[in-house]
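Printed here is model.csv (CSV, C-alpha atoms):
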```csv
chain,number,residue,atom,x,y,z
A,67,MET,CA,-20.8,26.5,27.6
A,68,ARG,CA,-22.0,25.1,24.3
A,69,SER,CA,-22.9,21.4,24.0
A,70,LEU,CA,-20.4,19.4,22.0
A,71,SER,CA,-23.2,18.5,19.6
A,72,ARG,CA,-23.8,22.2,18.8
A,73,THR,CA,-20.2,23.0,18.1
A,74,PRO,CA,-18.9,23.2,14.5
A,75,GLU,CA,-17.0,19.9,15.2
A,76,GLY,CA,-20.1,18.2,16.5
A,77,VAL,CA,-22.1,19.3,13.5
A,78,ALA,CA,-19.4,18.0,11.2
A,79,ALA,CA,-19.3,14.7,13.0
A,80,ARG,CA,-23.1,14.2,12.8
A,81,GLN,CA,-22.9,15.0,9.1
A,82,GLY,CA,-20.1,12.5,8.7
A,83,LEU,CA,-22.0,9.7,10.5
A,84,ALA,CA,-25.1,10.3,8.4
A,85,VAL,CA,-23.1,10.0,5.2
A,86,ALA,CA,-21.3,6.9,6.5
A,87,LEU,CA,-24.6,5.2,7.4
A,88,ALA,CA,-26.0,5.7,3.9
A,89,THR,CA,-22.7,4.9,2.1
A,90,SER,CA,-21.9,1.8,4.0
A,91,ALA,CA,-25.1,0.1,2.8
A,92,TYR,CA,-23.5,-0.2,-0.6
A,93,GLY,CA,-20.9,-2.6,0.8
A,94,ILE,CA,-23.6,-5.3,0.9
A,95,SER,CA,-24.0,-5.0,-2.8
A,96,PHE,CA,-20.3,-5.1,-3.4
A,97,GLY,CA,-19.8,-8.1,-1.2
A,98,ALA,CA,-22.5,-10.1,-2.9
A,99,LEU,CA,-21.5,-9.1,-6.4
A,100,SER,CA,-17.8,-9.9,-5.7
A,101,VAL,CA,-18.5,-13.4,-4.5
A,102,ALA,CA,-20.9,-13.9,-7.4
A,103,SER,CA,-18.2,-12.8,-9.8
A,104,GLY,CA,-15.9,-15.6,-8.7
A,105,LEU,CA,-13.9,-14.2,-5.7
A,106,ASP,CA,-13.8,-15.9,-2.3
A,107,VAL,CA,-15.2,-14.3,0.8
A,108,TRP,CA,-11.7,-13.6,2.1
A,109,GLN,CA,-10.6,-12.1,-1.2
A,110,THR,CA,-13.7,-9.9,-1.2
A,111,CYS,CA,-13.0,-8.7,2.3
A,112,VAL,CA,-9.3,-8.0,1.6
A,113,LEU,CA,-10.4,-5.8,-1.4
A,114,SER,CA,-12.5,-3.6,0.9
A,115,LEU,CA,-9.9,-3.5,3.6
A,116,LEU,CA,-7.1,-2.4,1.3
A,117,MET,CA,-8.5,-0.9,-1.8
A,118,PHE,CA,-11.5,0.9,-0.1
A,119,THR,CA,-12.6,2.8,-3.1
A,120,GLY,CA,-16.2,2.0,-4.2
A,121,GLY,CA,-15.9,2.8,-7.9
A,122,SER,CA,-12.6,1.0,-8.3
A,123,GLN,CA,-13.9,-2.1,-6.4
A,124,PHE,CA,-17.1,-2.3,-8.6
A,125,ALA,CA,-14.9,-1.9,-11.7
A,126,PHE,CA,-12.6,-4.6,-10.5
A,127,VAL,CA,-15.3,-7.2,-9.9
A,128,GLY,CA,-17.1,-6.2,-13.1
A,129,VAL,CA,-14.0,-7.1,-15.2
A,130,ILE,CA,-13.5,-10.3,-13.2
A,131,ALA,CA,-17.2,-11.3,-13.8
A,132,ALA,CA,-16.7,-10.8,-17.5
A,133,GLY,CA,-13.3,-12.5,-18.0
A,134,GLY,CA,-12.6,-14.6,-14.9
A,135,LEU,CA,-9.4,-14.6,-12.9
A,136,ALA,CA,-7.4,-14.5,-16.2
A,137,ALA,CA,-8.6,-10.9,-16.6
A,138,ALA,CA,-7.1,-9.9,-13.2
A,139,PRO,CA,-4.3,-7.7,-14.6
A,140,ALA,CA,-6.8,-5.8,-16.7
A,141,ALA,CA,-9.1,-5.5,-13.7
A,142,ILE,CA,-6.3,-4.1,-11.5
A,143,ALA,CA,-5.4,-1.6,-14.2
A,144,SER,CA,-9.0,-0.5,-14.5
A,145,ALA,CA,-9.3,-0.1,-10.7
A,146,VAL,CA,-6.1,1.9,-10.5
A,147,LEU,CA,-7.3,4.3,-13.3
A,148,LEU,CA,-10.4,5.0,-11.3
A,149,GLY,CA,-8.5,5.4,-8.0
A,150,VAL,CA,-6.1,8.1,-9.4
A,151,ARG,CA,-8.5,10.8,-8.3
A,152,ASN,CA,-7.7,10.0,-4.7
A,153,ALA,CA,-4.2,11.2,-5.2
A,154,ALA,CA,-5.6,14.6,-6.1
A,155,TYR,CA,-7.8,14.5,-3.1
A,156,ALA,CA,-4.8,13.7,-0.9
A,157,MET,CA,-2.9,16.8,-2.1
A,158,ARG,CA,-6.0,19.0,-1.5
A,159,MET,CA,-6.6,17.6,2.0
A,160,ALA,CA,-3.0,17.7,3.2
A,161,PRO,CA,-3.4,21.2,4.8
A,162,VAL,CA,-6.7,20.1,6.4
A,163,VAL,CA,-5.3,17.0,7.9
A,164,ALA,CA,-2.1,18.8,9.1
A,165,GLY,CA,0.3,17.1,11.4
A,166,GLY,CA,3.4,15.1,10.6
A,167,PHE,CA,4.2,12.4,8.1
A,168,TRP,CA,2.6,9.5,9.9
A,169,ARG,CA,-0.6,11.4,10.5
A,170,LYS,CA,-0.9,12.3,6.8
A,171,ALA,CA,0.1,8.7,5.8
A,172,GLY,CA,-2.7,7.3,7.9
A,173,ALA,CA,-5.2,9.7,6.4
A,174,THR,CA,-4.6,8.4,2.9
A,175,GLN,CA,-6.6,5.3,3.6
A,176,PHE,CA,-9.6,7.4,4.5
A,177,THR,CA,-9.3,9.9,1.7
A,178,ILE,CA,-12.4,9.1,-0.4
A,179,ASP,CA,-15.1,11.2,-2.1
A,180,GLU,CA,-17.4,11.3,0.9
A,181,SER,CA,-14.7,12.2,3.6
A,182,VAL,CA,-13.3,15.0,1.3
A,183,ALA,CA,-16.8,16.4,0.6
A,184,VAL,CA,-17.8,16.5,4.3
A,185,GLY,CA,-14.5,17.9,5.3
A,186,LEU,CA,-14.4,20.7,2.8
A,187,ALA,CA,-18.0,21.6,3.4
A,188,GLN,CA,-17.1,22.9,6.9
A,189,SER,CA,-16.0,26.5,7.5
A,190,GLU,CA,-13.6,26.1,10.4
A,191,PRO,CA,-10.3,24.2,10.4
A,192,ARG,CA,-11.1,22.0,13.4
A,193,ALA,CA,-14.6,21.2,12.0
A,194,ARG,CA,-13.0,20.2,8.6
A,195,GLN,CA,-10.7,17.8,10.4
A,196,ALA,CA,-13.6,16.3,12.4
A,197,GLY,CA,-15.7,16.0,9.3
A,198,PHE,CA,-12.9,14.3,7.4
A,199,TRP,CA,-11.9,11.8,10.1
A,200,VAL,CA,-15.3,10.9,11.3
A,201,THR,CA,-16.6,10.3,7.8
A,202,GLY,CA,-13.6,8.4,6.6
A,203,VAL,CA,-13.2,6.1,9.6
A,204,ALA,CA,-17.0,5.5,10.0
A,205,ILE,CA,-17.4,4.6,6.3
A,206,TRP,CA,-14.3,2.3,6.4
A,207,ILE,CA,-15.7,0.4,9.4
A,208,GLY,CA,-19.3,0.2,8.0
A,209,TRP,CA,-18.1,-0.6,4.5
A,210,ASN,CA,-16.0,-3.5,5.6
A,211,LEU,CA,-18.7,-4.9,7.9
A,212,SER,CA,-21.4,-4.7,5.2
A,213,THR,CA,-18.9,-6.2,2.6
A,214,LEU,CA,-18.5,-9.3,4.9
A,215,LEU,CA,-22.3,-9.5,5.2
A,216,GLY,CA,-22.8,-9.2,1.5
A,217,ALA,CA,-20.1,-11.7,0.7
A,218,LEU,CA,-21.6,-14.3,3.1
A,219,LEU,CA,-25.0,-13.8,1.5
A,220,GLY,CA,-23.6,-14.0,-2.0
A,221,ASP,CA,-21.8,-17.2,-1.1
A,222,VAL,CA,-25.2,-18.7,-0.1
A,223,LEU,CA,-26.8,-17.6,-3.4
A,224,GLY,CA,-24.5,-19.7,-5.5
A,225,ASP,CA,-24.4,-19.4,-9.3
A,226,PRO,CA,-24.8,-15.7,-10.2
A,227,ARG,CA,-26.2,-16.5,-13.6
A,228,ALA,CA,-29.3,-18.1,-12.0
A,229,TYR,CA,-30.3,-14.7,-10.6
A,230,GLY,CA,-28.9,-12.5,-13.3
A,231,LEU,CA,-26.1,-11.3,-11.0
A,232,ASP,CA,-23.5,-11.7,-13.6
A,233,ALA,CA,-24.5,-8.4,-15.1
A,234,ALA,CA,-25.2,-6.7,-11.8
A,235,ALA,CA,-21.7,-5.4,-11.2
A,236,ALA,CA,-21.8,-3.3,-14.3
A,237,ALA,CA,-25.2,-2.0,-13.4
A,238,ALA,CA,-24.0,-1.1,-9.9
A,239,PHE,CA,-21.0,0.8,-11.4
A,240,LEU,CA,-23.3,2.7,-13.7
A,241,ALA,CA,-25.5,3.7,-10.8
A,242,LEU,CA,-22.4,5.2,-9.1
A,243,LEU,CA,-21.4,7.0,-12.3
A,244,TRP,CA,-24.7,8.4,-13.4
A,245,PRO,CA,-25.0,11.3,-10.8
A,246,ARG,CA,-21.6,12.6,-12.0
A,247,LEU,CA,-22.8,13.1,-15.6
A,248,LYS,CA,-23.7,16.8,-15.3
A,249,GLY,CA,-22.8,19.2,-18.1
A,250,ARG,CA,-22.0,18.8,-21.7
A,251,GLN,CA,-18.3,17.8,-21.4
A,252,PRO,CA,-18.9,14.9,-18.9
A,253,LEU,CA,-21.7,13.6,-21.2
A,254,ALA,CA,-19.5,13.9,-24.3
A,255,VAL,CA,-16.7,12.0,-22.5
A,256,ALA,CA,-19.0,9.3,-21.3
A,257,ALA,CA,-20.5,8.9,-24.8
A,258,GLY,CA,-17.1,8.8,-26.5
A,259,ALA,CA,-15.8,6.3,-24.0
A,260,ALA,CA,-18.9,4.1,-24.4
A,261,VAL,CA,-18.4,4.0,-28.2
A,262,VAL,CA,-14.7,3.1,-27.9
A,263,ALA,CA,-15.5,0.3,-25.3
A,264,ALA,CA,-18.3,-1.1,-27.4
A,265,LEU,CA,-16.2,-1.3,-30.5
A,266,LEU,CA,-13.3,-2.9,-28.8
A,267,THR,CA,-15.2,-5.4,-26.6
A,268,PRO,CA,-15.7,-8.1,-29.2
A,269,ALA,CA,-12.0,-8.0,-30.2
A,270,LEU,CA,-10.1,-7.7,-26.9
A,271,MET,CA,-10.1,-9.5,-23.6
A,272,PRO,CA,-12.3,-8.1,-20.7
A,273,GLY,CA,-10.8,-5.0,-19.0
A,274,ILE,CA,-8.7,-3.8,-21.9
A,275,PRO,CA,-11.6,-1.9,-23.6
A,276,VAL,CA,-12.2,-0.1,-20.3
A,277,ILE,CA,-8.6,1.0,-20.2
A,278,ALA,CA,-8.7,2.1,-23.8
A,279,ALA,CA,-11.9,4.0,-23.2
A,280,ALA,CA,-10.1,5.9,-20.4
A,281,GLY,CA,-8.0,7.4,-23.1
A,282,VAL,CA,-11.0,9.4,-24.3
A,283,ALA,CA,-11.1,11.3,-21.0
A,284,ILE,CA,-7.3,11.8,-21.1
A,285,ALA,CA,-7.5,13.1,-24.7
A,286,VAL,CA,-10.3,15.5,-23.8
A,287,GLY,CA,-8.3,16.8,-20.9
A,288,LEU,CA,-5.2,17.4,-23.0
A,289,LEU,CA,-7.1,19.1,-25.8
A,290,ASP,CA,-9.5,21.1,-23.7
A,291,ARG,CA,-8.6,24.8,-24.1
A,292,SER,CA,-11.7,26.3,-22.6
A,293,PRO,CA,-11.0,28.9,-19.9
A,294,GLN,CA,-11.1,27.7,-16.3
A,295,VAL,CA,-13.5,29.8,-14.2
A,296,THR,CA,-12.7,30.0,-10.5
A,297,PRO,CA,-15.6,30.3,-8.0
A,298,ASP,CA,-14.7,33.9,-7.3
A,299,GLU,CA,-14.6,34.8,-11.0
A,300,GLY,CA,-18.0,33.2,-11.6
A,301,ARG,CA,-19.8,35.3,-8.9
A,302,MET,CA,-22.0,38.2,-9.8
A,303,PRO,CA,-20.6,41.5,-8.5
```

As structure tokens - that is how I would like this structure written.
Amino acid sequence: MRSLSRTPEGVAARQGLAVALATSAYGISFGALSVASGLDVWQTCVLSLLMFTGGSQFAFVGVIAAGGLAAAPAAIASAVLLGVRNAAYAMRMAPVVAGGFWRKAGATQFTIDESVAVGLAQSEPRARQAGFWVTGVAIWIGWNLSTLLGALLGDVLGDPRAYGLDAAAAAAFLALLWPRLKGRQPLAVAAGAAVVAALLTPALMPGIPVIAAAGVAIAVGLLDRSPQVTPDEGRMP
């Protein structure tokens, strides 16, 4: 009888825990930056509990840091735009999660980049489920604990401008974005969006240029007529 750790489910669970350990550490940065941007400790923790999407959370506090609480509507809109991808993830993972309505509804909270990646990397159905759930739940727990720790540390630091933390949220978000800029099209979209945001920033309130820059990606997606190559089509015979 095989040891549990040697089964496909056990391998998937170990992979998920390893990813969770590395990913959760970023929560410390988010907690500190969020408090430094003007949010309270409890507001910061609620964001991680409910929003739980790293890119969206960093975008939210970045806009708040630039425009204060008056920019909250724009910050929310920016975060929502970045979180739309999770809806696509949910549709892709529905057959993997399986089960009834409540099981799938509960899975939505844990449907993030890392849980989807670990889940789909497995070759067997049960291993995919194990990878998805272990990764998602472990990151949710670790992210929220590290967010609280970072928020408490950020609260002790005080004025973010004294340490240069007022620009750190934007830097952290760029660090998350940079690994995704592979290929000509992503680079072109990023460059176009950056130009639009830079031109609009002096004239509009914080957050609005980010939303306008998202239109660059939408326009590219609508106008792109390049053929889509599936993995099977791209293989050599």

- Using CA of Ala91 (chain A) and CA of Gln109 (chain A) as the two end points, give the distance in Å to one decimal. 19.4 Å

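Computed from the coordinates, the CA of Val150 (chain A) to CA of Ala193 (chain A) distance equals 26.5 Å.
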
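You will find CA of Gly202 (chain A) at 24.8 Å from CA of Gly128 (chain A).
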
- Identify, on the basis of only C-alpha atoms, every residue whose closest approach to Leu116 (chain A) does not exceed 12 Å; exclude the query and any residue fewer than 4 positions from it along the same chain; express the result as a list in words.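 In the requested format, the answer is Gln109, Thr110, Cys111, Val112, Gly120, Ser122, Gln123, Thr174, Gln175, Phe176, Trp206, Trp209 and Asn210 of chain A.
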
- Message: Can you tell me which residues surround Gln188 (chain A) at a distance of at most 12 Å, considering all atoms listed in the file, apart from same-chain residues fewer than 2 positions away, and format the answer as a PyMOL selection string?
- Response: chain A and resi 73-79+81-82+162+181-186+190-198

Mind writing the picked residues with C-alpha atoms as a short mmCIF file (atom, residue, chain, number, x, y, z; two decimals), in the coordinates of the input?
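Below you can see part08.cif, which holds the result:
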```cif
data_model
loop_
_atom_site.label_atom_id
_atom_site.label_comp_id
_atom_site.auth_asym_id
_atom_site.auth_seq_id
_atom_site.Cartn_x
_atom_site.Cartn_y
_atom_site.Cartn_z
CA THR A 73 -20.20 23.00 18.10
CA PRO A 74 -18.90 23.20 14.50
CA GLU A 75 -17.00 19.90 15.20
CA GLY A 76 -20.10 18.20 16.50
CA VAL A 77 -22.10 19.30 13.50
CA ALA A 78 -19.40 18.00 11.20
CA ALA A 79 -19.30 14.70 13.00
CA GLN A 81 -22.90 15.00 9.10
CA GLY A 82 -20.10 12.50 8.70
CA VAL A 162 -6.70 20.10 6.40
CA SER A 181 -14.70 12.20 3.60
CA VAL A 182 -13.30 15.00 1.30
CA ALA A 183 -16.80 16.40 0.60
CA VAL A 184 -17.80 16.50 4.30
CA GLY A 185 -14.50 17.90 5.30
CA LEU A 186 -14.40 20.70 2.80
CA GLU A 190 -13.60 26.10 10.40
CA PRO A 191 -10.30 24.20 10.40
CA ARG A 192 -11.10 22.00 13.40
CA ALA A 193 -14.60 21.20 12.00
CA ARG A 194 -13.00 20.20 8.60
CA GLN A 195 -10.70 17.80 10.40
CA ALA A 196 -13.60 16.30 12.40
CA GLY A 197 -15.70 16.00 9.30
CA PHE A 198 -12.90 14.30 7.40
#
```

- Note on the structure: Val129 (chain A) proximity check over A:Val107, A:Ile207, A:Ala156, A:Leu99, using all atoms listed in the file: winner is A:Leu99

- Message: Can you tell me which residues surround Val85 (chain A) at a distance of at most 9 Å, considering all atoms listed in the file, apart from same-chain residues fewer than 5 positions away, and format the answer as a PyMOL selection string?
- Response: chain A and resi 80+90+180-181+184+201+204-205

Excluding same-chain residues fewer than 5 positions from Leu219 (chain A), what lies within 10 Å of it counting only C-alpha atoms, as a PDB file with C-alpha atoms, in the frame of the given file?
```pdb
ATOM      1  CA  ILE A  94     -23.600  -5.300   0.900  1.00  0.00           C
ATOM      2  CA  SER A  95     -24.000  -5.000  -2.800  1.00  0.00           C
ATOM      3  CA  GLY A  97     -19.800  -8.100  -1.200  1.00  0.00           C
ATOM      4  CA  ALA A  98     -22.500 -10.100  -2.900  1.00  0.00           C
ATOM      5  CA  LEU A  99     -21.500  -9.100  -6.400  1.00  0.00           C
ATOM      6  CA  VAL A 101     -18.500 -13.400  -4.500  1.00  0.00           C
ATOM      7  CA  ALA A 102     -20.900 -13.900  -7.400  1.00  0.00           C
ATOM      8  CA  VAL A 107     -15.200 -14.300   0.800  1.00  0.00           C
ATOM      9  CA  THR A 213     -18.900  -6.200   2.600  1.00  0.00           C
ATOM     10  CA  LEU A 214     -18.500  -9.300   4.900  1.00  0.00           C
ATOM     11  CA  GLY A 224     -24.500 -19.700  -5.500  1.00  0.00           C
TER      12      GLY A 224
END
```

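Of the residues under consideration (A:Phe126, A:Leu113, A:Leu87, A:Phe96), A:Phe96 shows the shortest atom-to-atom contact distance to Leu215 (chain A) when counting only C-alpha atoms.
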
Could you write region 140-172 of chain A as a short mmCIF file (atom, residue, chain, number, x, y, z; two decimals), keeping the file's coordinate frame, with N, CA and C atoms rebuilt where they are missing?
```cif
data_model
loop_
_atom_site.label_atom_id
_atom_site.label_comp_id
_atom_site.auth_asym_id
_atom_site.auth_seq_id
_atom_site.Cartn_x
_atom_site.Cartn_y
_atom_site.Cartn_z
N ALA A 140 -5.99 -6.83 -16.12
CA ALA A 140 -6.80 -5.80 -16.70
C ALA A 140 -7.73 -5.17 -15.63
N ALA A 141 -8.25 -6.02 -14.74
CA ALA A 141 -9.10 -5.50 -13.70
C ALA A 141 -8.37 -4.60 -12.74
N ILE A 142 -7.14 -4.97 -12.42
CA ILE A 142 -6.30 -4.10 -11.50
C ILE A 142 -6.03 -2.79 -12.20
N ALA A 143 -5.69 -2.83 -13.49
CA ALA A 143 -5.40 -1.60 -14.20
C ALA A 143 -6.62 -0.68 -14.25
N SER A 144 -7.80 -1.25 -14.48
CA SER A 144 -9.00 -0.50 -14.50
C SER A 144 -9.30 0.17 -13.15
N ALA A 145 -9.10 -0.60 -12.09
CA ALA A 145 -9.30 -0.10 -10.70
C ALA A 145 -8.36 1.05 -10.40
N VAL A 146 -7.11 0.89 -10.82
CA VAL A 146 -6.10 1.90 -10.50
C VAL A 146 -6.45 3.22 -11.26
N LEU A 147 -6.90 3.12 -12.51
CA LEU A 147 -7.30 4.30 -13.30
C LEU A 147 -8.37 5.10 -12.53
N LEU A 148 -9.34 4.38 -12.00
CA LEU A 148 -10.40 5.00 -11.30
C LEU A 148 -10.01 5.58 -9.93
N GLY A 149 -8.94 5.00 -9.36
CA GLY A 149 -8.50 5.40 -8.00
C GLY A 149 -7.51 6.59 -8.08
N VAL A 150 -7.07 6.99 -9.28
CA VAL A 150 -6.10 8.10 -9.40
C VAL A 150 -6.59 9.36 -8.78
N ARG A 151 -7.90 9.58 -8.85
CA ARG A 151 -8.50 10.80 -8.30
C ARG A 151 -8.16 11.00 -6.85
N ASN A 152 -7.98 9.88 -6.13
CA ASN A 152 -7.70 10.00 -4.70
C ASN A 152 -6.38 10.65 -4.42
N ALA A 153 -5.43 10.54 -5.38
CA ALA A 153 -4.20 11.20 -5.20
C ALA A 153 -4.35 12.74 -5.21
N ALA A 154 -5.24 13.20 -6.10
CA ALA A 154 -5.60 14.60 -6.10
C ALA A 154 -6.25 15.05 -4.83
N TYR A 155 -7.14 14.20 -4.34
CA TYR A 155 -7.80 14.50 -3.10
C TYR A 155 -6.78 14.62 -1.94
N ALA A 156 -5.80 13.72 -1.94
CA ALA A 156 -4.80 13.70 -0.90
C ALA A 156 -4.03 15.04 -0.84
N MET A 157 -3.67 15.55 -2.03
CA MET A 157 -2.90 16.80 -2.10
C MET A 157 -3.82 17.96 -1.57
N ARG A 158 -5.10 17.92 -1.92
CA ARG A 158 -6.00 19.00 -1.50
C ARG A 158 -6.24 18.92 0.03
N MET A 159 -6.28 17.71 0.60
CA MET A 159 -6.60 17.60 2.00
C MET A 159 -5.38 17.65 2.93
N ALA A 160 -4.18 17.66 2.39
CA ALA A 160 -3.00 17.70 3.20
C ALA A 160 -2.99 18.88 4.20
N PRO A 161 -3.33 20.10 3.77
CA PRO A 161 -3.40 21.20 4.80
C PRO A 161 -4.48 21.03 5.79
N VAL A 162 -5.56 20.35 5.42
CA VAL A 162 -6.70 20.10 6.40
C VAL A 162 -6.27 19.13 7.43
N VAL A 163 -5.67 18.03 6.99
CA VAL A 163 -5.30 17.00 7.90
C VAL A 163 -4.18 17.50 8.87
N ALA A 164 -3.23 18.27 8.31
CA ALA A 164 -2.10 18.80 9.10
C ALA A 164 -1.31 17.73 9.75
N GLY A 165 -0.47 18.10 10.72
CA GLY A 165 0.30 17.10 11.40
C GLY A 165 1.54 16.64 10.64
N GLY A 166 2.20 15.63 11.16
CA GLY A 166 3.40 15.10 10.60
C GLY A 166 3.18 14.05 9.51
N PHE A 167 4.28 13.38 9.14
CA PHE A 167 4.20 12.40 8.10
C PHE A 167 3.30 11.25 8.37
N TRP A 168 3.38 10.69 9.58
CA TRP A 168 2.60 9.50 9.90
C TRP A 168 1.10 9.82 9.96
N ARG A 169 0.76 11.00 10.42
CA ARG A 169 -0.60 11.40 10.50
C ARG A 169 -1.21 11.50 9.04
N LYS A 170 -0.44 12.11 8.14
CA LYS A 170 -0.90 12.30 6.80
C LYS A 170 -0.90 10.91 6.05
N ALA A 171 0.08 10.07 6.38
CA ALA A 171 0.10 8.70 5.80
C ALA A 171 -1.11 7.93 6.20
N GLY A 172 -1.49 8.03 7.46
CA GLY A 172 -2.70 7.30 7.90
C GLY A 172 -3.95 7.85 7.33
#
```
